[in-house]
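Colleague: Here it is: the structure, laid out below.
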There are 4 protein chains.
Amino acid sequence: MTHQSEINNDAGGTLGRNTWVFSAGFAPSQSTGFEPDFTSRNTLCLLNTGDREACVRLTVYYDDAEPVGPYEIAVGARRVKHQRINDLIEPEAVYLDKPYGVVIDSDEPVVAQLYYLDSRDGNLAVSHLNPAPLP
Amino acid sequence: MTHQSEINNDAGGTLGRNTWVFSAGFAPSQSTGFEPDFTSRNTLCLLNTGDREACVRLTVYYDDAEPVGPYEIAVGARRVKHQRINDLIEPEAVYLDKPYGVVIDSDEPVVAQLYYLDSRDGNLAVSHLNPAPLP
Amino acid sequence: MTHQSEINNDAGGTLGRNTWVFSAGFAPSQSTGFEPDFTSRNTLCLLNTGDREACVRLTVYYDDAEPVGPYEIAVGARRVKHQRINDLIEPEAVYLDKPYGVVIDSDEPVVAQLYYLDSRDGNLAVSHLNPAPLP
Amino acid sequence: MTHQSEINNDAGGTLGRNTWVFSAGFAPSQSTGFEPDFTSRNTLCLLNTGDREACVRLTVYYDDAEPVGPYEIAVGARRVKHQRINDLIEPEAVYLDKPYGVVIDSDEPVVAQLYYLDSRDGNLAVSHLNPAPLP
């Protein structure tokens with residue numbers, strides 16, 4: 001066995017990339033069921049396996065307006081952070097019921113995955129999505 | 001902090017690829033619930049982070065006929081576009097209730113992800129899919 | 001505009017890989033609703049953008065027995081094929097209600113994505129999955 | 001036809017990687033319907049196509065505490081193993097109802113994909129997710 005010991009303390013071992021991108025953003029304004037558990041949403045799931053806090057900045061792209069950003073999210077060293085995009089309000093609230101894309105730019109390597117929950121129709125529908133597989 | 005500033009104005013910084021491919025296309029003809037929100041569909045989610053409009057051309061592959069295309073979709077500079085494949089009618093309407101694959105060929109790098117909504121059965125089912133991870 | 005014209009006739013342009021792999025295979029034996037539309041299943045979505053028929057061979061891995069295969073699937077030139085894994089019976093029926101993994105080995109480059117439909121519980125649940133992102 | 005024969009006996013042919021990572025972990029404590037089929041969960045789907053048993057070690061990252069691990073999972077040669085993360089109890093039970101990320105570190109190349117089932121709301125919602133596309 002040749003396990004990579006102490007994976008998150010290895011100098012070159014921080015997992016992830018500095019840039020990620022999603023084109024399939026969407027958060028419905030309508031929900032059914034208990035809040036906040038069943039609130040329709042897009043949640044950005046960030047993981048920082050490194051030993052330094054990461055400052056993650058998002059730029060949000062719309063279909064009818066110039067991009068908005070940066071939205072700043074801090075992710076502590078050796079921490080995960082699941083950030084509802086619906087809850088981002090600075091520099092302005094992310095629009096609901098509108099298609100968007102998002103570029104993620106972090107000063108430290110992080111992992112980013114997107115979670116979608118849709119309870120508009122009286123039942124729970126969920127989906128997960130990786131960022132686009134960039135070269 | 002060493003953020004990549006003005007990510008979408010960087011000459012080499014346009015995110016994405018010129019070619020993407022999906023093999024799992026399918027759009028049911030049946031739906032339940034409010035239209036157009038709950039119309040069963042495949043939606044192609046395109047993001048152009050660059051400073052030039054992208055002309056995206058789709059070729060649709062079937063299981064019993066020659067490929068059809070190109071379907072042309074314009075995506076503005078610094079814009080996202082969520083295009084329902086069901087709504088593409090030129091050169092001919094994409095078939096419903098039939099398996100298809102789609103090759104995406106863009107003159108500018110773009111990001112492409114696929115969204116699937118299925119309301120046939122009286123409830124909402126959703127899924128997201130990245131293009132195949134090409135070498 | 002510098003579109004890649006006649007993408008599927010280009011000698012070096014066949015999209016995909018010869019080998020793909022999934023570890024999350026599972027097909028429930030129970031279903032509700034109309035068959036075959038709402039039959040619980042795993043569907044392997046294959047796309048061959050090339051000009052030669054592809055012979056795709058699957059090897060199925062279980063958690064309590066040696067791998068079984070090859071299962072052979074022909075995918076015509078410039079065709080998609082959505083194959084329900086539940087329907088594969090040679091050399092033996094793929095087990096329902098059991099975890100499996102599948103290795104895909106094709107003589108021509110193809111694209112492979114997996115579709116999951118689960119109607120066991122009286123509603124429709126769906127998901128799509130790419131093959132693992134191999135190096 | 002140039003099939004890669006005996007794919008899992010080829011010395012260099014073991015499919016997968018030694019390290020994978022997910023940031024979108026979450027397992028609800030609530031469920032409806034028959035157990036264990038419809039128990040809300042995250043299931044880690046591991047495939048070992050090689051000829052040696054793999055020792056897979058997980059490190060789980062939280063949003064408010066130091067990472068916990070290793071959790072050890074053995075995956076036999078030429079076997080798949082679908083491990084509910086909810087069922088991991090050594091060195092301590094993985095928290096329910098809390099966001100987590102997971103780093104997978106195996107002594108042999110394996111394939112890892114994540115399955116999510118959510119039955120909290122009286123219906124079945126499912127999703128599949130690949131590990132992040134690392135460079």
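Identifiers in the structure tokens: chain A, B, ... in order shown; residue index from 1 per chain; ligand index from 1 in order shown.
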List as a PyMOL selection string the protein and nucleic acid residues near A:Thr19, meaning an atom at most 9 Å away when only C-alpha atoms are counted, but skip any in the same chain fewer than 4 places from it.
Modeller: chain A and resi 103-106+109-110
Colleague: Can you write out the residues you just picked, keeping C-alpha atoms, as an mmCIF file, in the first residue's frame?
Modeller:
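To be explicit, this is the file written out as out-v4.cif:
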data_model
loop_
_atom_site.group_PDB
_atom_site.id
_atom_site.type_symbol
_atom_site.label_atom_id
_atom_site.label_comp_id
_atom_site.auth_asym_id
_atom_site.auth_seq_id
_atom_site.Cartn_x
_atom_site.Cartn_y
_atom_site.Cartn_z
ATOM 1 C CA VAL A 103 -17.366 31.940 -13.458
ATOM 2 C CA ILE A 104 -15.521 31.018 -10.282
ATOM 3 C CA ASP A 105 -12.119 32.544 -9.691
ATOM 4 C CA SER A 106 -10.287 31.599 -6.494
ATOM 5 C CA PRO A 109 -7.210 25.887 -5.618
ATOM 6 C CA VAL A 110 -10.707 24.757 -4.695
#
Colleague: Find the spatial neighbours of C:Thr39, counting only C-alpha atoms, within a cut-off of 7 Å - ignore same-chain residues fewer than 4 positions away - and output them as a list in words.
Modeller: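 The residues satisfying every condition are Ser31, Glu35 and Ser119 of chain C.
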Colleague: Within 10 Å of A:Pro28, counting only C-alpha atoms, which residues qualify if same-chain residues fewer than 5 places away don't, as a count of residues only?
Modeller: 16
Colleague: With the cut-off set at 12 Å and counting only C-alpha atoms, tabulate each residue of chain C with an atom at most that distance from an atom of chain A, showing the nearest atom pair and its distance in Å to one decimal, ordered by chain and increasing number, as JSON lines.
Modeller:
{"residue": "C:Gly122", "atom": "CA", "partner": "A:Asn123", "partner_atom": "CA", "distance": 12.0}
{"residue": "C:Asn123", "atom": "CA", "partner": "A:Asn123", "partner_atom": "CA", "distance": 9.3}
{"residue": "C:Leu124", "atom": "CA", "partner": "A:Ala125", "partner_atom": "CA", "distance": 9.5}
{"residue": "C:Ala125", "atom": "CA", "partner": "A:Ala125", "partner_atom": "CA", "distance": 7.6}
{"residue": "C:Val126", "atom": "CA", "partner": "A:Ala125", "partner_atom": "CA", "distance": 8.9}
{"residue": "C:Ser127", "atom": "CA", "partner": "A:Ser127", "partner_atom": "CA", "distance": 7.3}
{"residue": "C:His128", "atom": "CA", "partner": "A:Ser127", "partner_atom": "CA", "distance": 9.0}
{"residue": "C:Leu129", "atom": "CA", "partner": "A:Leu129", "partner_atom": "CA", "distance": 9.3}
{"residue": "C:Asn130", "atom": "CA", "partner": "A:Asn130", "partner_atom": "CA", "distance": 10.0}
{"residue": "C:Ala132", "atom": "CA", "partner": "A:Pro133", "partner_atom": "CA", "distance": 11.6}
{"residue": "C:Pro133", "atom": "CA", "partner": "A:Pro133", "partner_atom": "CA", "distance": 8.7}
{"residue": "C:Leu134", "atom": "CA", "partner": "A:Pro133", "partner_atom": "CA", "distance": 11.5}
{"residue": "C:Pro135", "atom": "CA", "partner": "A:Pro135", "partner_atom": "CA", "distance": 11.6}
Colleague: Tell me which protein, DNA and RNA residues are within 9 Å of stretch 89-92 of chain C, counting only C-alpha atoms, leaving out same-chain ones fewer than 3 positions away, and put them as a ChimeraX atom specification.
Modeller: /C:68-72,85-86,95
Colleague: Calculated over only C-alpha atoms, which of the candidates D:Leu44, D:Leu88, D:Gln113, D:Tyr61 has the smallest distance to A:Gly76?
Modeller: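 Using only C-alpha atoms, the shortest distance to A:Gly76 belongs to D:Tyr61.
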Colleague: Please measure the separation of atom CA of C:Thr49 and atom CA of B:Thr43, giving the value in Å to one decimal.
Modeller: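 Atom-to-atom, atom CA of C:Thr49 to atom CA of B:Thr43, that is 21.4 Å.
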Colleague: For B:Val60, list every protein, DNA or RNA residue within 6 Å, evaluated using only C-alpha atoms, and leave out those in the same chain fewer than 5 positions away; present the list as an NGL selection string.
Modeller: :B and (67-68 or 101-102)
Colleague: With DSSP run on the backbone, what are the strand (DSSP E) residues within stretch 16-116 of chain D? I'd like them as a count of residues only.
Modeller: 56
Colleague: Taking the DSSP secondary structure from the backbone, can you list the residues of chain D that are helix (DSSP H, G or I), as a count of residues only?
Modeller: 6
Colleague: Record the distance separating atom CA of A:Ala54 and atom CA of A:Gly25, expressed in Å with one decimal.
Modeller: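 Computing the Euclidean distance for atom CA of A:Ala54 and atom CA of A:Gly25 yields 22.5 Å.
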Colleague: Check the smallest atom-to-atom distance from each of C:Cys55, C:Ser23, C:Phe38, C:Tyr115 to D:Arg78 using only C-alpha atoms, then report the winner.
Modeller: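 Nearest candidate to D:Arg78 out of C:Cys55, C:Ser23, C:Phe38, C:Tyr115: C:Ser23.
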Colleague: Between atom CA of C:Leu47 and atom CA of C:Lys81, what is the distance in Å, rounded to a tenth?
Modeller: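 Separation of atom CA of C:Leu47 and atom CA of C:Lys81: 6.3 Å.
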